[in-house]
There are 2 protein chains.
Amino acid sequence: MPKYKEVAQKIIQKINSNDMKQGDKLASIEELMKQFDVGKNTILNALTELEKQAYIYQVRGSGSFVRKHKREGYINITEVNGLRNNLQGFHLDAKLLDLKATKPTHEVMANLNIAENEEVYYVKRLRSIEGRKFSVEESYYLKSVVPYLNQQIVEDSIFNYLIDDLKIEPGFIDHFLRVGKLNKINADLLNLEPGDPTVLLESIFYLKNGQPFDYSIINYHYEESQFFIQGASYI
Amino acid sequence: MPKYKEVAQKIIQKINSNDMKQGDKLASIEELMKQFDVGKNTILNALTELEKQAYIYQVRGSGSFVRKHKREGYINITEVNGLRNNLQGFHLDAKLLDLKATKPTHEVMANLNIAENEEVYYVKRLRSIEGRKFSVEESYYLKSVVPYLNQQIVEDSIFNYLIDDLKIEPGFIDHFLRVGKLNKINADLLNLEPGDPTVLLESIFYLKNGQPFDYSIINYHYEESQFFIQGASYI
DNA sequence: TAGTGGTCTAGACCACGGA
DNA sequence: CCGTGGTCTAGACCACTAG
């Protein structure tokens with residue numbers, strides 16, 4: 001792990017352990033350089049990292065300050081694995097509904113940018129939070145990237161498996177979100193009526209090298225799901 | 001404008017004018033240093049900026065590549081003023097429904113982090129795209145930051161006015177998104193039925209110095225709105 | 001092995017905010 | 001005016017990718 005990421009982690013720890021609030025001031029760059037005995041660029045890299053993750057914001061001539069949104073129970077879809085990071089403290093569950101290796105449909109081919117002879121894993125799961133039906137998730141994983149999946153992996157956490165065991169490094173994601181209407185199958189799964197609204201989230205996950213490896217379509221229970229998205233101005 | 005932002009803009013221009021596609025390779029850092037006659041850190045800053053805005057991704061040992069999602073008509077809520085940037089080519093319209101200076105409600109006080117004696121502007125607008133009802137937007141602007149608003153400003157573009165005329169610099173945003181149900185008033189405005197679903201987006205806009213200055217609640221027409229959100233992995 | 005991005009240092013100077 | 005973040009350079013070395 002590079003120095004600047006270690007520094008970033010230690011700053012996050014400090015924010016959490018000192019229970020710092022939105023607007024609380026961090027130590028100055030010069031102080032941080034002394035504290036961690038590193039150069040200025042290392043501190044700058046660490047702060048840039050924290051700014052990207054919406055932990056802090058920097059104000060020229062004034063200092064760096066803690067950024068914290070207050071609402072709980074919101075899913076941060078700006079981060080990979082936002083579920084685990086943002087719903088910690090809630091009991092999450094994933095029940096396997098279907099798992100098979102298959103040829104990609106045209107939709108999957110387009111979104112994963114693959115040819116029809118590339119096999120994919122199809123996974124359908126029903127997710128619950130605190131025992132309440134939460135979402136129906138259908139995912140397609142490129143088999144050349146994710147060569148093996150089984151029920152245990154899929155009911156635990158696919159992303160932990162990818163990262164910890166397969167040493168796959170997700171890089172970035174494209175999300176497409178809209179409101180849809182539930183079909184009968186998914187409505188039954190979520191204990192709702194066909195035609196009820198749903199947050200329909202399509203996501204394409206890319207490796208660090210830019211290759212898409214996971215296309216997923218999630219129907220969220222409209223009463224159980226709420227999302228946090230961080231934004232910035234690039235003017 | 002700092003050098004690295006100029007470099008970043010020129011790279012964006014090059015991407016657009018050369019009609020580069022997802023995965024196309026940019027010049028190497030060394031080449032860019034020569035092209036623009038700047039140091040390595042300046043190029044690195046420019047590329048970091050472009051990466052934050054999802055224009056490119058960088059791959060160690062390999063190069064920098066263009067990142068482009070293909071779908072049109074999606075609103076990118078990861079950027080301030082995503083409407084204008086992302087729906088360019090579509091005809092947008094904002095009809096004023098209400099505009100007044102008022103005392104904040106408790107909800108507004110909480111979200112803008114202000115006391116009850118701080119006045120705010122309340123603005124309600126009906127937005128259309130290509131003549132179709134698109135969203136009902138209610139916004140509260142801190143009067144101490146935005147001292148004056150009128151119908152013309154509000155029906156044109158509030159953000160252009162803030163940035164170009166008031167020289168206000170937005171810094172970052174918190175968005176909270178969920179599915180809601182329309183009340184009678186907003187349903188009528190959108191030509192929908194009460195109880196119909198809506199994308200309910202609450203947003204808090206902050207200045208560069210961390211002060212919240214705009215709290216807005218938008219009800220989107222569920223059939224006319226779709227959103228793009230970029231994400232990243234910070235592992 | 002050559003090319004490319006990633007990290008890091010040391011140091012200089014600029015721009016802004018607040019007392 | 002001082003403290004603070006922002007920009008920029010020059011240079012060294014590391015880590016990864018691909019042919």
# chains A, B, ... in the order shown; residues from 1 in each chain; ligands from 1
>>> closest_atom_pairs(of="chain B", to="chain D", cutoff="10 Å", atoms="only C-alpha atoms (C1' of nucleotides)", output="JSON lines")
{"residue": "B:Pro2", "atom": "CA", "partner": "D:DT7", "partner_atom": "C1'", "distance": 7.2}
{"residue": "B:Lys3", "atom": "CA", "partner": "D:DT7", "partner_atom": "C1'", "distance": 8.2}
{"residue": "B:Tyr4", "atom": "CA", "partner": "D:DT7", "partner_atom": "C1'", "distance": 8.6}
{"residue": "B:Val38", "atom": "CA", "partner": "D:DT9", "partner_atom": "C1'", "distance": 8.3}
{"residue": "B:Gly39", "atom": "CA", "partner": "D:DT9", "partner_atom": "C1'", "distance": 5.9}
{"residue": "B:Lys40", "atom": "CA", "partner": "D:DT9", "partner_atom": "C1'", "distance": 8.4}
{"residue": "B:Asn41", "atom": "CA", "partner": "D:DC8", "partner_atom": "C1'", "distance": 7.4}
{"residue": "B:Thr42", "atom": "CA", "partner": "D:DC8", "partner_atom": "C1'", "distance": 6.9}
{"residue": "B:Asn45", "atom": "CA", "partner": "D:DT7", "partner_atom": "C1'", "distance": 9.7}
{"residue": "B:Val59", "atom": "CA", "partner": "D:DC16", "partner_atom": "C1'", "distance": 9.0}
{"residue": "B:Arg60", "atom": "CA", "partner": "D:DC16", "partner_atom": "C1'", "distance": 5.9}
{"residue": "B:Gly61", "atom": "CA", "partner": "D:DC16", "partner_atom": "C1'", "distance": 4.9}
{"residue": "B:Ser62", "atom": "CA", "partner": "D:DT17", "partner_atom": "C1'", "distance": 5.7}
{"residue": "B:Gly63", "atom": "CA", "partner": "D:DT17", "partner_atom": "C1'", "distance": 9.4}
>>> residues_around(residues="B:Gln9", least_positions_apart="5", cutoff="12 Å", atoms="only C-alpha atoms (C1' of nucleotides)", output="ChimeraX atom specification")
/A:234-235 /B:1-4,14-16,43,46-47,49-50,53,55
>>> write_last_selection(atoms="C-alpha atoms", output="PDB file, in the first residue's frame")
ATOM      1  CA  TYR A 234     -15.980  21.032 -12.050  1.00  0.00           C
ATOM      2  CA  ILE A 235     -16.156  24.643 -13.111  1.00  0.00           C
TER       3      ILE A 235
ATOM      4  CA  MET B   1      -7.110  29.254 -14.931  1.00  0.00           C
ATOM      5  CA  PRO B   2      -4.265  27.003 -13.791  1.00  0.00           C
ATOM      6  CA  LYS B   3      -2.174  25.228 -16.383  1.00  0.00           C
ATOM      7  CA  TYR B   4      -3.454  21.787 -15.506  1.00  0.00           C
ATOM      8  CA  LYS B  14      -9.090  16.520 -28.575  1.00  0.00           C
ATOM      9  CA  ILE B  15     -11.282  13.628 -27.437  1.00  0.00           C
ATOM     10  CA  ASN B  16     -14.357  15.304 -28.866  1.00  0.00           C
ATOM     11  CA  ILE B  43      -0.088  16.445 -16.546  1.00  0.00           C
ATOM     12  CA  ALA B  46      -4.933  17.236 -15.511  1.00  0.00           C
ATOM     13  CA  LEU B  47      -5.456  13.492 -15.860  1.00  0.00           C
ATOM     14  CA  GLU B  49      -9.241  15.904 -13.065  1.00  0.00           C
ATOM     15  CA  LEU B  50     -10.394  14.080 -16.190  1.00  0.00           C
ATOM     16  CA  GLN B  53     -15.143  13.633 -14.403  1.00  0.00           C
ATOM     17  CA  TYR B  55     -13.668  11.280 -19.210  1.00  0.00           C
TER      18      TYR B  55
END
>>> interface_residues(of="chain C", to="chain B", cutoff="8 Å", atoms="only C-alpha atoms (C1' of nucleotides)", output="ChimeraX atom specification")
/C:3-6
>>> interface_residues(of="chain A", to="chain B", cutoff="7 Å", atoms="only C-alpha atoms", output="PDB file with C-alpha atoms, in the first residue's frame")
ATOM      1  CA  VAL A  59     -10.838  25.358   1.288  1.00  0.00           C
ATOM      2  CA  ILE A  77     -24.016   4.065  -5.280  1.00  0.00           C
ATOM      3  CA  THR A  78     -21.041   6.274  -6.015  1.00  0.00           C
ATOM      4  CA  GLU A  79     -18.888   3.584  -4.389  1.00  0.00           C
ATOM      5  CA  VAL A  80     -18.406  -0.005  -5.432  1.00  0.00           C
ATOM      6  CA  PRO A 170     -12.806  -3.331  -9.782  1.00  0.00           C
ATOM      7  CA  GLY A 171     -11.987   0.062 -11.208  1.00  0.00           C
ATOM      8  CA  PHE A 172     -15.120   2.012 -12.014  1.00  0.00           C
ATOM      9  CA  ILE A 173     -18.849   1.687 -12.642  1.00  0.00           C
ATOM     10  CA  ASP A 174     -21.533   3.151 -14.867  1.00  0.00           C
ATOM     11  CA  HIS A 175     -24.994   3.228 -13.319  1.00  0.00           C
ATOM     12  CA  PHE A 176     -28.239   3.857 -15.186  1.00  0.00           C
ATOM     13  CA  LEU A 177     -31.202   4.502 -12.939  1.00  0.00           C
ATOM     14  CA  ARG A 178     -34.879   4.967 -13.664  1.00  0.00           C
ATOM     15  CA  VAL A 179     -38.289   4.076 -12.321  1.00  0.00           C
ATOM     16  CA  PRO A 197     -43.079   1.006  -9.118  1.00  0.00           C
ATOM     17  CA  VAL A 199     -36.113   1.631  -8.768  1.00  0.00           C
ATOM     18  CA  LYS A 208      -9.047  -1.300 -13.415  1.00  0.00           C
ATOM     19  CA  ASN A 209      -7.872  -1.975 -16.969  1.00  0.00           C
ATOM     20  CA  TYR A 222     -39.640   1.115  -3.738  1.00  0.00           C
ATOM     21  CA  SER A 225     -34.615   1.613  -0.908  1.00  0.00           C
ATOM     22  CA  GLN A 226     -33.086   5.060  -0.853  1.00  0.00           C
ATOM     23  CA  PHE A 227     -29.874   6.241  -2.394  1.00  0.00           C
ATOM     24  CA  PHE A 228     -27.139   8.701  -1.630  1.00  0.00           C
ATOM     25  CA  ILE A 229     -25.128  10.168  -4.474  1.00  0.00           C
ATOM     26  CA  GLN A 230     -22.275  12.584  -4.037  1.00  0.00           C
ATOM     27  CA  GLY A 231     -21.647  15.213  -6.656  1.00  0.00           C
ATOM     28  CA  ALA A 232     -19.127  17.917  -7.409  1.00  0.00           C
ATOM     29  CA  SER A 233     -18.717  21.025  -9.464  1.00  0.00           C
TER      30      SER A 233
END
>>> closest_residue(among="A:Asn186, A:Gln35, A:Asn18, A:Ser216", to="A:Phe134", atoms="only C-alpha atoms")
A:Asn186
>>> select_by_dssp(residues="stretch 4-105 of chain A", states="alpha helix (DSSP H)", output="number ranges by chain")
A: 4-17, 29-36, 40-52, 82-86
>>> write_last_selection(atoms="C-alpha atoms", output="compact mmCIF listing (two decimals), in the first residue's frame")
# COMPACT_ATOMS: atom_id res chain seq x y z
CA TYR A 4 -0.54 8.30 0.68
CA LYS A 5 -3.22 5.62 1.05
CA GLU A 6 -1.93 4.74 4.50
CA VAL A 7 -2.04 8.40 5.42
CA ALA A 8 -5.58 8.62 4.03
CA GLN A 9 -6.70 5.64 6.10
CA LYS A 10 -5.19 7.06 9.25
CA ILE A 11 -6.97 10.33 8.67
CA ILE A 12 -10.26 8.47 8.21
CA GLN A 13 -9.60 6.61 11.47
CA LYS A 14 -8.97 9.90 13.21
CA ILE A 15 -12.20 11.35 11.85
CA ASN A 16 -14.15 8.36 13.08
CA SER A 17 -12.46 7.80 16.42
CA ILE A 29 -0.94 20.21 5.39
CA GLU A 30 2.29 21.31 7.03
CA GLU A 31 1.31 19.67 10.30
CA LEU A 32 0.30 16.49 8.51
CA MET A 33 3.68 16.45 6.74
CA LYS A 34 5.38 16.51 10.14
CA GLN A 35 2.97 14.04 11.77
CA PHE A 36 3.47 11.42 9.09
CA LYS A 40 3.81 17.62 0.64
CA ASN A 41 2.70 15.72 -2.46
CA THR A 42 2.03 12.63 -0.38
CA ILE A 43 -0.31 14.60 1.86
CA LEU A 44 -1.91 16.20 -1.18
CA ASN A 45 -2.50 12.79 -2.73
CA ALA A 46 -4.05 11.54 0.50
CA LEU A 47 -6.37 14.55 0.73
CA THR A 48 -7.35 14.25 -2.94
CA GLU A 49 -8.26 10.63 -2.26
CA LEU A 50 -10.39 11.60 0.72
CA GLU A 51 -12.04 14.36 -1.27
CA LYS A 52 -12.99 11.89 -4.03
CA GLY A 82 -21.79 0.63 -1.32
CA LEU A 83 -24.18 -1.90 0.18
CA ARG A 84 -21.68 -3.20 2.67
CA ASN A 85 -20.09 0.13 3.42
CA ASN A 86 -23.30 2.06 3.87
>>> select_by_dssp(residues="stretch 97-143 of chain B", states="strand (DSSP E or B)", output="PyMOL selection string")
chain B and resi 97-102+120-129+132-142
>>> atom_distance(atom1="atom CA of B:Asp98", atom2="atom CA of B:Glu193")
21.9 Å
>>> closest_residue(among="B:Leu192, B:Phe213, B:Ala27, B:Asn150", to="B:Lys133", atoms="only C-alpha atoms")
B:Leu192
>>> closest_residue(among="B:Leu99, B:Tyr122, B:Asp214, B:Asp24", to="B:Leu162", atoms="only C-alpha atoms")
B:Asp214
>>> atom_distance(atom1="atom CA of A:Leu92", atom2="atom CA of A:Asn191")
17.5 Å
>>> atom_distance(atom1="atom CA of B:Val146", atom2="atom CA of B:Asn117")
15.8 Å
>>> decode(residues="chain D", atoms="C-alpha atoms (C1' of nucleotides)", output="CSV table (one decimal), in the first residue's frame")
chain,number,residue,atom,x,y,z
D,1,DC,C1',0.1,40.1,7.7
D,2,DC,C1',0.2,35.3,8.4
D,3,DG,C1',-1.5,30.8,7.9
D,4,DT,C1',-3.3,27.8,4.6
D,5,DG,C1',-4.2,25.4,0.5
D,6,DG,C1',-3.0,25.5,-4.8
D,7,DT,C1',0.2,25.1,-8.5
D,8,DC,C1',4.4,23.9,-10.7
D,9,DT,C1',9.2,22.2,-11.6
D,10,DA,C1',13.0,18.7,-11.8
D,11,DG,C1',14.4,14.5,-10.8
D,12,DA,C1',14.6,9.8,-8.9
D,13,DC,C1',12.9,5.4,-8.5
D,14,DC,C1',9.2,1.8,-8.5
D,15,DA,C1',5.5,-1.4,-10.5
D,16,DC,C1',3.1,-3.0,-14.0
D,17,DT,C1',2.0,-4.4,-19.1
D,18,DA,C1',2.9,-6.1,-23.3
D,19,DG,C1',5.4,-7.7,-27.1
